[in-house]
$ cat entry_15.cif   # mmCIF, C-alpha atoms and all ligand atoms
data_run
#
loop_
_atom_site.group_PDB
_atom_site.id
_atom_site.type_symbol
_atom_site.label_atom_id
_atom_site.label_comp_id
_atom_site.auth_asym_id
_atom_site.auth_seq_id
_atom_site.Cartn_x
_atom_site.Cartn_y
_atom_site.Cartn_z
ATOM 1 C CA MET X 1269 0.000 0.000 0.000
ATOM 2 C CA LEU X 1270 2.745 2.435 1.100
ATOM 3 C CA THR X 1271 4.923 1.433 -1.859
ATOM 4 C CA ARG X 1272 2.041 2.077 -4.236
ATOM 5 C CA ALA X 1273 1.423 5.509 -2.686
ATOM 6 C CA LEU X 1274 5.118 6.384 -2.948
ATOM 7 C CA ARG X 1275 5.226 5.235 -6.580
ATOM 8 C CA TYR X 1276 2.162 7.357 -7.319
ATOM 9 C CA CYS X 1277 3.769 10.425 -5.718
ATOM 10 C CA SER X 1278 7.019 9.847 -7.555
ATOM 11 C CA ASN X 1279 5.212 9.473 -10.923
ATOM 12 C CA TYR X 1280 3.193 12.574 -10.180
ATOM 13 C CA LEU X 1281 6.284 14.617 -9.310
ATOM 14 C CA ASN X 1282 8.129 13.406 -12.398
ATOM 15 C CA LYS X 1283 5.262 14.582 -14.565
ATOM 16 C CA MET X 1284 5.193 18.086 -13.113
ATOM 17 C CA VAL X 1285 6.255 20.513 -15.799
ATOM 18 C CA PRO X 1286 8.491 23.372 -14.627
ATOM 19 C CA GLU X 1287 6.713 26.726 -14.857
ATOM 20 C CA VAL X 1288 8.470 29.813 -16.134
ATOM 21 C CA VAL X 1289 7.900 33.567 -16.021
ATOM 22 C CA PHE X 1290 10.134 35.553 -18.371
ATOM 23 C CA VAL X 1291 11.131 38.926 -16.901
ATOM 24 C CA LEU X 1292 11.990 41.571 -19.481
ATOM 25 C CA GLY X 1293 12.620 45.315 -19.598
ATOM 26 C CA ALA X 1294 15.362 47.788 -20.438
ATOM 27 C CA PRO X 1295 18.742 47.677 -18.670
ATOM 28 C CA GLY X 1296 18.202 49.116 -15.187
ATOM 29 C CA SER X 1297 14.410 48.921 -15.282
ATOM 30 C CA GLY X 1298 14.526 46.953 -12.008
ATOM 31 C CA LYS X 1299 14.161 43.328 -13.137
ATOM 32 C CA GLY X 1300 16.674 41.941 -10.645
ATOM 33 C CA THR X 1301 15.321 44.046 -7.764
ATOM 34 C CA GLN X 1302 11.772 42.839 -8.362
ATOM 35 C CA CYS X 1303 12.790 39.198 -8.947
ATOM 36 C CA SER X 1304 14.463 39.205 -5.580
ATOM 37 C CA LEU X 1305 11.251 40.505 -3.938
ATOM 38 C CA ILE X 1306 9.088 38.005 -5.847
ATOM 39 C CA SER X 1307 11.210 35.028 -4.814
ATOM 40 C CA LYS X 1308 10.788 35.986 -1.139
ATOM 41 C CA GLU X 1309 7.009 36.198 -1.415
ATOM 42 C CA TYR X 1310 6.248 33.420 -3.920
ATOM 43 C CA ASP X 1311 7.781 30.010 -4.487
ATOM 44 C CA PHE X 1312 9.879 30.986 -7.503
ATOM 45 C CA VAL X 1313 13.608 30.554 -8.089
ATOM 46 C CA HIS X 1314 15.255 33.666 -9.533
ATOM 47 C CA LEU X 1315 17.539 32.836 -12.475
ATOM 48 C CA SER X 1316 19.207 35.902 -13.962
ATOM 49 C CA ALA X 1317 20.584 35.049 -17.417
ATOM 50 C CA GLY X 1318 23.104 37.902 -17.038
ATOM 51 C CA ASP X 1319 24.302 36.562 -13.655
ATOM 52 C CA LEU X 1320 24.629 33.035 -15.060
ATOM 53 C CA LEU X 1321 26.729 34.387 -17.931
ATOM 54 C CA ARG X 1322 28.891 36.451 -15.548
ATOM 55 C CA GLU X 1323 29.454 33.314 -13.419
ATOM 56 C CA GLU X 1324 30.359 31.291 -16.502
ATOM 57 C CA ARG X 1325 32.777 34.054 -17.556
ATOM 58 C CA GLN X 1326 34.547 33.700 -14.178
ATOM 59 C CA ARG X 1327 34.604 29.901 -14.171
ATOM 60 C CA PRO X 1328 38.213 28.719 -14.515
ATOM 61 C CA GLY X 1329 38.662 26.857 -17.787
ATOM 62 C CA SER X 1330 35.447 28.110 -19.379
ATOM 63 C CA GLU X 1331 35.765 28.019 -23.147
ATOM 64 C CA TYR X 1332 33.259 30.875 -23.361
ATOM 65 C CA GLY X 1333 34.756 33.334 -20.839
ATOM 66 C CA GLU X 1334 36.368 35.741 -23.307
ATOM 67 C CA MET X 1335 33.442 35.666 -25.734
ATOM 68 C CA ILE X 1336 30.974 36.392 -22.911
ATOM 69 C CA GLU X 1337 33.038 39.319 -21.599
ATOM 70 C CA GLU X 1338 33.282 40.856 -25.069
ATOM 71 C CA LYS X 1339 29.539 40.490 -25.678
ATOM 72 C CA ILE X 1340 28.649 41.953 -22.275
ATOM 73 C CA ARG X 1341 30.938 44.975 -22.667
ATOM 74 C CA ASN X 1342 29.500 45.649 -26.117
ATOM 75 C CA GLY X 1343 25.901 45.094 -25.064
ATOM 76 C CA GLU X 1344 25.567 42.219 -27.530
ATOM 77 C CA ILE X 1345 23.690 38.989 -27.006
ATOM 78 C CA VAL X 1346 25.510 35.730 -26.301
ATOM 79 C CA PRO X 1347 24.482 32.805 -28.588
ATOM 80 C CA VAL X 1348 21.479 30.955 -27.224
ATOM 81 C CA GLU X 1349 23.218 27.567 -27.017
ATOM 82 C CA VAL X 1350 25.416 28.939 -24.219
ATOM 83 C CA THR X 1351 22.721 30.868 -22.318
ATOM 84 C CA CYS X 1352 19.988 28.265 -22.663
ATOM 85 C CA SER X 1353 22.243 25.482 -21.446
ATOM 86 C CA LEU X 1354 23.219 27.560 -18.359
ATOM 87 C CA ILE X 1355 19.538 28.257 -17.612
ATOM 88 C CA HIS X 1356 18.574 24.618 -18.136
ATOM 89 C CA LYS X 1357 21.373 23.395 -15.835
ATOM 90 C CA ALA X 1358 20.425 25.914 -13.138
ATOM 91 C CA MET X 1359 16.799 24.788 -13.324
ATOM 92 C CA GLN X 1360 17.781 21.144 -12.957
ATOM 93 C CA ASN X 1361 20.227 21.832 -10.125
ATOM 94 C CA SER X 1362 17.628 23.792 -8.159
ATOM 95 C CA GLY X 1363 15.305 20.806 -7.870
ATOM 96 C CA LYS X 1364 12.445 23.341 -7.892
ATOM 97 C CA GLN X 1365 9.370 23.791 -9.998
ATOM 98 C CA ARG X 1366 8.861 27.511 -10.698
ATOM 99 C CA PHE X 1367 11.345 29.929 -12.219
ATOM 100 C CA LEU X 1368 11.737 33.623 -12.905
ATOM 101 C CA VAL X 1369 13.955 33.761 -15.976
ATOM 102 C CA ASP X 1370 15.319 37.302 -15.745
ATOM 103 C CA GLY X 1371 16.692 39.049 -18.837
ATOM 104 C CA PHE X 1372 15.928 36.286 -21.343
ATOM 105 C CA PRO X 1373 14.907 35.804 -24.186
ATOM 106 C CA ARG X 1374 16.516 38.959 -25.542
ATOM 107 C CA ASN X 1375 16.444 38.382 -29.303
ATOM 108 C CA LYS X 1376 15.102 36.052 -31.988
ATOM 109 C CA ASP X 1377 18.051 33.663 -31.660
ATOM 110 C CA ASN X 1378 17.241 33.371 -27.903
ATOM 111 C CA LEU X 1379 13.553 32.812 -28.547
ATOM 112 C CA ASP X 1380 14.095 30.251 -31.319
ATOM 113 C CA GLY X 1381 16.675 28.382 -29.228
ATOM 114 C CA TRP X 1382 14.377 28.281 -26.185
ATOM 115 C CA GLU X 1383 11.492 27.039 -28.313
ATOM 116 C CA ARG X 1384 13.690 24.337 -29.843
ATOM 117 C CA VAL X 1385 15.021 22.978 -26.590
ATOM 118 C CA MET X 1386 12.846 24.111 -23.673
ATOM 119 C CA SER X 1387 9.296 24.785 -24.854
ATOM 120 C CA ASP X 1388 8.150 21.189 -24.554
ATOM 121 C CA LYS X 1389 9.927 20.775 -21.181
ATOM 122 C CA THR X 1390 8.416 23.883 -19.548
ATOM 123 C CA LYS X 1391 5.220 25.888 -19.328
ATOM 124 C CA LEU X 1392 5.425 29.653 -19.882
ATOM 125 C CA LEU X 1393 3.002 31.303 -17.438
ATOM 126 C CA PHE X 1394 3.412 34.910 -18.581
ATOM 127 C CA VAL X 1395 5.965 37.622 -19.343
ATOM 128 C CA LEU X 1396 6.563 40.424 -16.851
ATOM 129 C CA PHE X 1397 7.547 43.584 -18.686
ATOM 130 C CA PHE X 1398 8.990 46.488 -16.717
ATOM 131 C CA GLU X 1399 8.390 49.765 -18.531
ATOM 132 C CA CYS X 1400 10.851 52.522 -17.701
ATOM 133 C CA SER X 1401 12.232 55.471 -19.677
ATOM 134 C CA ARG X 1402 15.744 55.380 -21.039
ATOM 135 C CA ASP X 1403 16.753 58.417 -18.937
ATOM 136 C CA ILE X 1404 15.651 56.824 -15.674
ATOM 137 C CA CYS X 1405 17.226 53.476 -16.579
ATOM 138 C CA THR X 1406 20.508 55.162 -17.505
ATOM 139 C CA GLU X 1407 20.574 57.079 -14.236
ATOM 140 C CA ARG X 1408 19.938 53.862 -12.284
ATOM 141 C CA CYS X 1409 22.672 51.881 -14.075
ATOM 142 C CA LEU X 1410 25.196 54.696 -13.662
ATOM 143 C CA GLY X 1411 24.191 54.913 -9.985
ATOM 144 C CA ARG X 1412 24.707 51.163 -9.646
ATOM 145 C CA GLY X 1413 28.156 51.522 -11.271
ATOM 146 C CA ALA X 1414 29.095 54.430 -8.988
ATOM 147 C CA ALA X 1415 27.980 52.376 -5.983
ATOM 148 C CA GLY X 1416 30.547 49.712 -6.954
ATOM 149 C CA SER X 1417 28.649 47.099 -8.979
ATOM 150 C CA GLY X 1418 31.947 46.179 -10.642
ATOM 151 C CA ARG X 1419 30.021 45.565 -13.863
ATOM 152 C CA SER X 1420 31.999 46.291 -17.015
ATOM 153 C CA ASP X 1421 28.795 47.518 -18.714
ATOM 154 C CA ASP X 1422 27.516 50.092 -16.173
ATOM 155 C CA ASN X 1423 29.088 52.978 -18.100
ATOM 156 C CA LEU X 1424 27.737 55.391 -20.720
ATOM 157 C CA GLU X 1425 29.499 53.799 -23.670
ATOM 158 C CA SER X 1426 28.208 50.273 -22.919
ATOM 159 C CA LEU X 1427 24.769 51.598 -21.970
ATOM 160 C CA HIS X 1428 24.422 53.255 -25.362
ATOM 161 C CA LYS X 1429 25.047 49.875 -27.018
ATOM 162 C CA ARG X 1430 22.821 47.983 -24.552
ATOM 163 C CA PHE X 1431 19.901 50.313 -25.281
ATOM 164 C CA ASN X 1432 20.345 49.913 -29.025
ATOM 165 C CA THR X 1433 20.245 46.147 -28.595
ATOM 166 C CA TYR X 1434 17.214 46.452 -26.332
ATOM 167 C CA VAL X 1435 15.268 48.583 -28.843
ATOM 168 C CA ASN X 1436 16.290 46.667 -31.973
ATOM 169 C CA ASP X 1437 16.339 43.078 -30.664
ATOM 170 C CA THR X 1438 14.442 42.741 -27.375
ATOM 171 C CA LEU X 1439 11.394 44.963 -27.929
ATOM 172 C CA PRO X 1440 10.314 42.835 -30.935
ATOM 173 C CA ILE X 1441 10.383 39.774 -28.665
ATOM 174 C CA ILE X 1442 8.211 41.560 -26.089
ATOM 175 C CA ASN X 1443 5.838 42.543 -28.916
ATOM 176 C CA HIS X 1444 5.746 38.913 -30.037
ATOM 177 C CA PHE X 1445 4.642 37.792 -26.547
ATOM 178 C CA ASP X 1446 2.210 40.714 -26.352
ATOM 179 C CA ALA X 1447 0.486 39.534 -29.527
ATOM 180 C CA LEU X 1448 0.041 36.164 -27.787
ATOM 181 C CA GLY X 1449 -1.609 37.910 -24.805
ATOM 182 C CA LEU X 1450 1.185 36.854 -22.457
ATOM 183 C CA VAL X 1451 2.604 40.231 -21.403
ATOM 184 C CA ARG X 1452 1.897 41.832 -18.007
ATOM 185 C CA ARG X 1453 3.049 45.467 -18.241
ATOM 186 C CA ILE X 1454 4.325 47.074 -15.069
ATOM 187 C CA ASN X 1455 5.122 50.758 -14.534
ATOM 188 C CA ALA X 1456 8.708 50.540 -13.250
ATOM 189 C CA GLU X 1457 9.278 54.286 -12.826
ATOM 190 C CA VAL X 1458 7.949 54.390 -9.261
ATOM 191 C CA SER X 1459 9.566 53.187 -6.028
ATOM 192 C CA PRO X 1460 10.511 49.484 -5.723
ATOM 193 C CA THR X 1461 7.707 49.018 -3.176
ATOM 194 C CA ASP X 1462 5.111 50.526 -5.493
ATOM 195 C CA VAL X 1463 6.376 48.500 -8.462
ATOM 196 C CA PHE X 1464 6.075 45.388 -6.315
ATOM 197 C CA GLN X 1465 2.413 46.101 -5.565
ATOM 198 C CA ASP X 1466 1.630 45.772 -9.287
ATOM 199 C CA VAL X 1467 3.888 42.747 -9.617
ATOM 200 C CA LYS X 1468 1.994 40.990 -6.822
ATOM 201 C CA THR X 1469 -1.280 41.640 -8.628
ATOM 202 C CA ALA X 1470 0.121 39.914 -11.731
ATOM 203 C CA PHE X 1471 1.094 36.824 -9.688
ATOM 204 C CA ASP X 1472 -2.107 36.794 -7.638
ATOM 205 C CA ASN X 1473 -4.158 37.011 -10.846
ATOM 206 C CA VAL X 1474 -2.746 33.704 -12.077
ATOM 207 C CA GLY X 1475 -3.493 32.083 -8.717
ATOM 208 C CA MET X 1476 0.038 31.978 -7.284
ATOM 209 C CA GLN X 1477 -0.003 31.339 -3.538
ATOM 210 C CA ARG X 1478 2.115 33.511 -1.246
ATOM 211 C CA ILE X 1479 4.740 31.715 0.857
ATOM 212 C CA ALA X 1480 3.494 31.585 4.437
ATOM 213 C CA ASN X 1481 5.738 33.784 6.629
HETATM 214 N N1 LIG H 1501 11.953 51.199 -8.680
HETATM 215 C C1 LIG H 1501 13.192 51.631 -8.510
HETATM 216 N N2 LIG H 1501 13.433 52.927 -8.186
HETATM 217 C C2 LIG H 1501 14.703 53.370 -8.044
HETATM 218 N N3 LIG H 1501 15.815 52.603 -8.181
HETATM 219 C C3 LIG H 1501 15.627 51.314 -8.507
HETATM 220 C C4 LIG H 1501 14.325 50.755 -8.686
HETATM 221 N N4 LIG H 1501 14.452 49.447 -8.996
HETATM 222 C C5 LIG H 1501 15.782 49.201 -9.022
HETATM 223 N N5 LIG H 1501 16.488 50.299 -8.722
HETATM 224 C C6 LIG H 1501 17.952 50.442 -8.678
HETATM 225 O O1 LIG H 1501 18.363 50.565 -10.044
HETATM 226 C C7 LIG H 1501 19.524 49.777 -10.308
HETATM 227 C C8 LIG H 1501 19.190 48.724 -11.363
HETATM 228 O O2 LIG H 1501 18.239 47.813 -10.806
HETATM 229 P P1 LIG H 1501 18.244 46.284 -11.215
HETATM 230 O O3 LIG H 1501 19.609 45.731 -11.117
HETATM 231 O O4 LIG H 1501 17.163 45.640 -10.432
HETATM 232 O O5 LIG H 1501 17.804 46.422 -12.736
HETATM 233 P P2 LIG H 1501 17.866 45.364 -13.917
HETATM 234 O O6 LIG H 1501 16.713 45.630 -14.804
HETATM 235 O O7 LIG H 1501 18.003 43.986 -13.361
HETATM 236 O O8 LIG H 1501 19.207 45.798 -14.585
HETATM 237 P P3 LIG H 1501 20.126 45.031 -15.662
HETATM 238 O O9 LIG H 1501 19.259 44.608 -16.790
HETATM 239 O O10 LIG H 1501 21.088 46.079 -16.077
HETATM 240 O O11 LIG H 1501 20.772 43.871 -14.953
HETATM 241 C C9 LIG H 1501 19.941 49.186 -8.966
HETATM 242 O O12 LIG H 1501 20.921 50.027 -8.407
HETATM 243 C C10 LIG H 1501 18.656 49.214 -8.141
HETATM 244 O O13 LIG H 1501 18.914 49.336 -6.766
HETATM 245 O O1 LIG H 1502 20.100 36.191 -22.070
HETATM 246 C C1 LIG H 1502 21.056 36.999 -21.972
HETATM 247 C C2 LIG H 1502 21.243 37.812 -20.867
HETATM 248 C C3 LIG H 1502 22.311 38.676 -20.822
HETATM 249 N N1 LIG H 1502 23.193 38.709 -21.832
HETATM 250 C C4 LIG H 1502 24.373 39.595 -21.795
HETATM 251 O O2 LIG H 1502 24.639 40.020 -20.461
HETATM 252 C C5 LIG H 1502 24.538 41.439 -20.377
HETATM 253 C C6 LIG H 1502 24.033 41.851 -19.043
HETATM 254 O O3 LIG H 1502 22.736 41.324 -18.826
HETATM 255 P P1 LIG H 1502 21.819 41.844 -17.608
HETATM 256 O O4 LIG H 1502 20.499 41.185 -17.789
HETATM 257 O O5 LIG H 1502 21.757 43.328 -17.765
HETATM 258 O O6 LIG H 1502 22.514 41.423 -16.358
HETATM 259 C C7 LIG H 1502 23.666 41.838 -21.560
HETATM 260 O O7 LIG H 1502 23.852 43.182 -21.978
HETATM 261 C C8 LIG H 1502 24.172 40.862 -22.617
HETATM 262 O O8 LIG H 1502 25.419 41.246 -23.110
HETATM 263 C C9 LIG H 1502 23.016 37.896 -22.932
HETATM 264 O O9 LIG H 1502 23.816 37.911 -23.883
HETATM 265 N N2 LIG H 1502 21.949 37.056 -22.970
#
$ encode --input "entry_15.cif" --output "structure tokens"
Amino acid sequence: MLTRALRYCSNYLNKMVPEVVFVLGAPGSGKGTQCSLISKEYDFVHLSAGDLLREERQRPGSEYGEMIEEKIRNGEIVPVEVTCSLIHKAMQNSGKQRFLVDGFPRNKDNLDGWERVMSDKTKLLFVLFFECSRDICTERCLGRGAAGSGRSDDNLESLHKRFNTYVNDTLPIINHFDALGLVRRINAEVSPTDVFQDVKTAFDNVGMQRIAN
């Protein structure tokens, strides 16, 4: 009886499809800040594609380190095979079920690669889109750099390139998801606490339970 119950639970767990929320918005719009708040209030693991790439860049012996650094400094997008495999590994290693994928997919190559490899392994719940003007985002990134982020791309020259990439490559991806009715737009120009109020509404509206504190 007990064995049968355990087998049932194990089969059930194996069939659970990981659920994903993509988190998109301009550089400095507050994606990381909000993901950190969300993961404290809801049962989601925060996976920042940028952080995973920065970790891979630092990993001794990485064959991609130099390429990643060059892409990051120039605000260009790393090929999806590299990013998607880092995200997939992090999902598997977490042993968890729900993920905030922060800063991905950023261009058509990212989207196509995700659809090829991950679409049938995951369920996309929705896309959180943080709307914030370029001036405010620039000020925030420069502030983050001045506060010692150590990021090689928190400077005006890199930001110029990052915004061009965002407008030319990432906005079309957001528009693609919008046409599918998957985008939840959030005004990100207010305080982090006020942004989070709207974010919570988006999660509550799809029936996500808060973690009991
Ligand atoms: N709503 C907000 N109001 C003011 N400052 C904010 C707000 N949200 C985040 N910040 C600050 O702006 C900077 C950028 O925030 P954050 O790292 O969350 O943005 P991001 O979208 O993840 O950036 P990137 O894409 O460059 O990694 C940080 O210094 C953060 O503390
Ligand atoms: O999916 C991704 C995510 C990020 N990058 C590169 O990293 C930097 C920094 O990303 P943040 O999200 O701002 O931390 C970004 O400008 C890209 O160069 C990427 O290639 N693919």
$ axis_aligned_box --input "entry_15.cif" --around "ligand LIG 1502 (chain H)" --padding-each-side "5 Å" --output "lines of an AutoDock Vina configuration file"
center_x = 22.8
center_y = 39.8
center_z = -20.1
size_x = 15.3
size_y = 17.1
size_z = 17.5
$ residues_near_ligand --input "entry_15.cif" --ligand "ligand LIG 1501 (chain H)" --cutoff "6 Å" --atoms "only C-alpha atoms and all ligand atoms" --output "list in words"
Pro1295, Gly1296, Ser1297, Gly1298, Lys1299, Gly1300, Thr1301, Arg1408, Cys1409, Arg1412, Ala1456, Glu1457, Val1458, Ser1459 and Pro1460 of chain X
$ closest_atom_pairs --input "entry_15.cif" --of "chain X" --to "ligand LIG 1502 (chain H)" --cutoff "7 Å" --atoms "only C-alpha atoms and all ligand atoms" --output "Markdown table"
| residue | atom | partner | partner_atom | distance |
| --- | --- | --- | --- | --- |
| X:Pro1295 | CA | H:LIG1502 | O5 | 5.4 |
| X:Ser1316 | CA | H:LIG1502 | O4 | 6.7 |
| X:Ala1317 | CA | H:LIG1502 | C2 | 4.5 |
| X:Gly1318 | CA | H:LIG1502 | O6 | 3.6 |
| X:Asp1319 | CA | H:LIG1502 | O6 | 5.8 |
| X:Leu1321 | CA | H:LIG1502 | O2 | 6.5 |
| X:Lys1339 | CA | H:LIG1502 | O8 | 4.9 |
| X:Ile1340 | CA | H:LIG1502 | O8 | 3.4 |
| X:Arg1341 | CA | H:LIG1502 | O8 | 6.7 |
| X:Asn1342 | CA | H:LIG1502 | O8 | 6.7 |
| X:Gly1343 | CA | H:LIG1502 | O7 | 4.2 |
| X:Glu1344 | CA | H:LIG1502 | O8 | 4.5 |
| X:Ile1345 | CA | H:LIG1502 | O9 | 3.3 |
| X:Val1346 | CA | H:LIG1502 | O9 | 3.7 |
| X:Pro1347 | CA | H:LIG1502 | O9 | 7.0 |
| X:Thr1351 | CA | H:LIG1502 | O1 | 5.9 |
| X:Asp1370 | CA | H:LIG1502 | O4 | 6.8 |
| X:Gly1371 | CA | H:LIG1502 | O4 | 4.5 |
| X:Phe1372 | CA | H:LIG1502 | O1 | 4.2 |
| X:Pro1373 | CA | H:LIG1502 | O1 | 5.6 |
| X:Arg1374 | CA | H:LIG1502 | O1 | 5.7 |
| X:Arg1430 | CA | H:LIG1502 | O7 | 5.5 |
$ resolve_selection --input "entry_15.cif" --expression "the PyMOL selection byres (((chain X and resi 1355-1357) around 10) and not hetatm)" --output "PyMOL selection string"
chain X and resi 1315-1317+1320-1321+1350-1354+1358-1362+1367+1369+1372+1382+1385-1386+1389
$ resolve_selection --input "entry_15.cif" --expression "the PyMOL selection byres (((chain X and resi 1442) around 9) and not hetatm)" --output "PDB file with C-alpha atoms, in the frame of the given file"
ATOM      1  CA  LEU X1292      11.990  41.571 -19.481  1.00  0.00           C
ATOM      2  CA  GLY X1293      12.620  45.315 -19.598  1.00  0.00           C
ATOM      3  CA  ARG X1374      16.516  38.959 -25.542  1.00  0.00           C
ATOM      4  CA  VAL X1395       5.965  37.622 -19.343  1.00  0.00           C
ATOM      5  CA  PHE X1397       7.547  43.584 -18.686  1.00  0.00           C
ATOM      6  CA  THR X1438      14.442  42.741 -27.375  1.00  0.00           C
ATOM      7  CA  LEU X1439      11.394  44.963 -27.929  1.00  0.00           C
ATOM      8  CA  PRO X1440      10.314  42.835 -30.935  1.00  0.00           C
ATOM      9  CA  ILE X1441      10.383  39.774 -28.665  1.00  0.00           C
ATOM     10  CA  ASN X1443       5.838  42.543 -28.916  1.00  0.00           C
ATOM     11  CA  HIS X1444       5.746  38.913 -30.037  1.00  0.00           C
ATOM     12  CA  PHE X1445       4.642  37.792 -26.547  1.00  0.00           C
ATOM     13  CA  ASP X1446       2.210  40.714 -26.352  1.00  0.00           C
ATOM     14  CA  ALA X1447       0.486  39.534 -29.527  1.00  0.00           C
ATOM     15  CA  VAL X1451       2.604  40.231 -21.403  1.00  0.00           C
TER      16      VAL X1451
END
$ closest_residue --input "entry_15.cif" --among "X:Thr1433, X:Glu1324, X:Glu1309, X:Asp1388" --to "X:Glu1337" --atoms "all atoms listed in the file"
X:Glu1324
$ resolve_selection --input "entry_15.cif" --expression "the PyMOL selection byres (((chain X and resi 1305-1307) around 10) and not hetatm)" --output "compact mmCIF listing (two decimals) with C-alpha atoms, keeping the file's coordinate frame"
# COMPACT_ATOMS: atom_id res chain seq x y z
CA GLY X 1300 16.67 41.94 -10.64
CA THR X 1301 15.32 44.05 -7.76
CA GLN X 1302 11.77 42.84 -8.36
CA CYS X 1303 12.79 39.20 -8.95
CA SER X 1304 14.46 39.20 -5.58
CA LYS X 1308 10.79 35.99 -1.14
CA GLU X 1309 7.01 36.20 -1.42
CA TYR X 1310 6.25 33.42 -3.92
CA ASP X 1311 7.78 30.01 -4.49
CA PHE X 1312 9.88 30.99 -7.50
CA VAL X 1313 13.61 30.55 -8.09
CA HIS X 1314 15.26 33.67 -9.53
CA ARG X 1366 8.86 27.51 -10.70
CA PHE X 1367 11.34 29.93 -12.22
CA LEU X 1368 11.74 33.62 -12.90
CA PRO X 1460 10.51 49.48 -5.72
CA THR X 1461 7.71 49.02 -3.18
CA PHE X 1464 6.08 45.39 -6.32
CA VAL X 1467 3.89 42.75 -9.62
CA LYS X 1468 1.99 40.99 -6.82
CA PHE X 1471 1.09 36.82 -9.69
CA ARG X 1478 2.12 33.51 -1.25
CA ILE X 1479 4.74 31.72 0.86
$ atom_distance --input "entry_15.cif" --atom1 "atom CA of X:Asn1378" --atom2 "atom CA of X:Val1348"
4.9 Å
$ atom_distance --input "entry_15.cif" --atom1 "atom CA of X:Glu1349" --atom2 "atom CA of X:Arg1453"
28.4 Å
$ residues_around --input "entry_15.cif" --residues "X:Val1285" --least-positions-apart "2" --cutoff "7 Å" --atoms "all atoms listed in the file" --output "PDB file with C-alpha atoms, keeping the file's coordinate frame"
ATOM      1  CA  LYS X1283       5.262  14.582 -14.565  1.00  0.00           C
ATOM      2  CA  GLU X1287       6.713  26.726 -14.857  1.00  0.00           C
ATOM      3  CA  LYS X1389       9.927  20.775 -21.181  1.00  0.00           C
ATOM      4  CA  THR X1390       8.416  23.883 -19.548  1.00  0.00           C
ATOM      5  CA  LYS X1391       5.220  25.888 -19.328  1.00  0.00           C
TER       6      LYS X1391
END
$ residues_around --input "entry_15.cif" --residues "X:Asp1422" --least-positions-apart "3" --cutoff "9 Å" --atoms "all atoms listed in the file" --output "list in words"
Arg1341, Thr1406, Cys1409, Leu1410, Gly1411, Arg1412, Gly1413, Ala1414, Ser1417, Gly1418, Arg1419, Glu1425, Ser1426 and Leu1427 of chain X
$ atom_distance --input "entry_15.cif" --atom1 "atom CA of X:Asn1455" --atom2 "atom CA of X:Glu1399"
5.3 Å
$ closest_residue --input "entry_15.cif" --among "X:Asn1375, X:Ser1420, X:Gln1465, X:Ser1387" --to "X:Ile1336" --atoms "all atoms listed in the file"
X:Ser1420
$ closest_residue --input "entry_15.cif" --among "X:Asp1437, X:Leu1393, X:Leu1379, X:Cys1405" --to "X:Gly1449" --atoms "all atoms listed in the file"
X:Leu1393
$ closest_residue --input "entry_15.cif" --among "X:Glu1407, X:Val1288, X:Arg1325, X:Arg1384" --to "X:Gln1365" --atoms "all atoms listed in the file"
X:Val1288
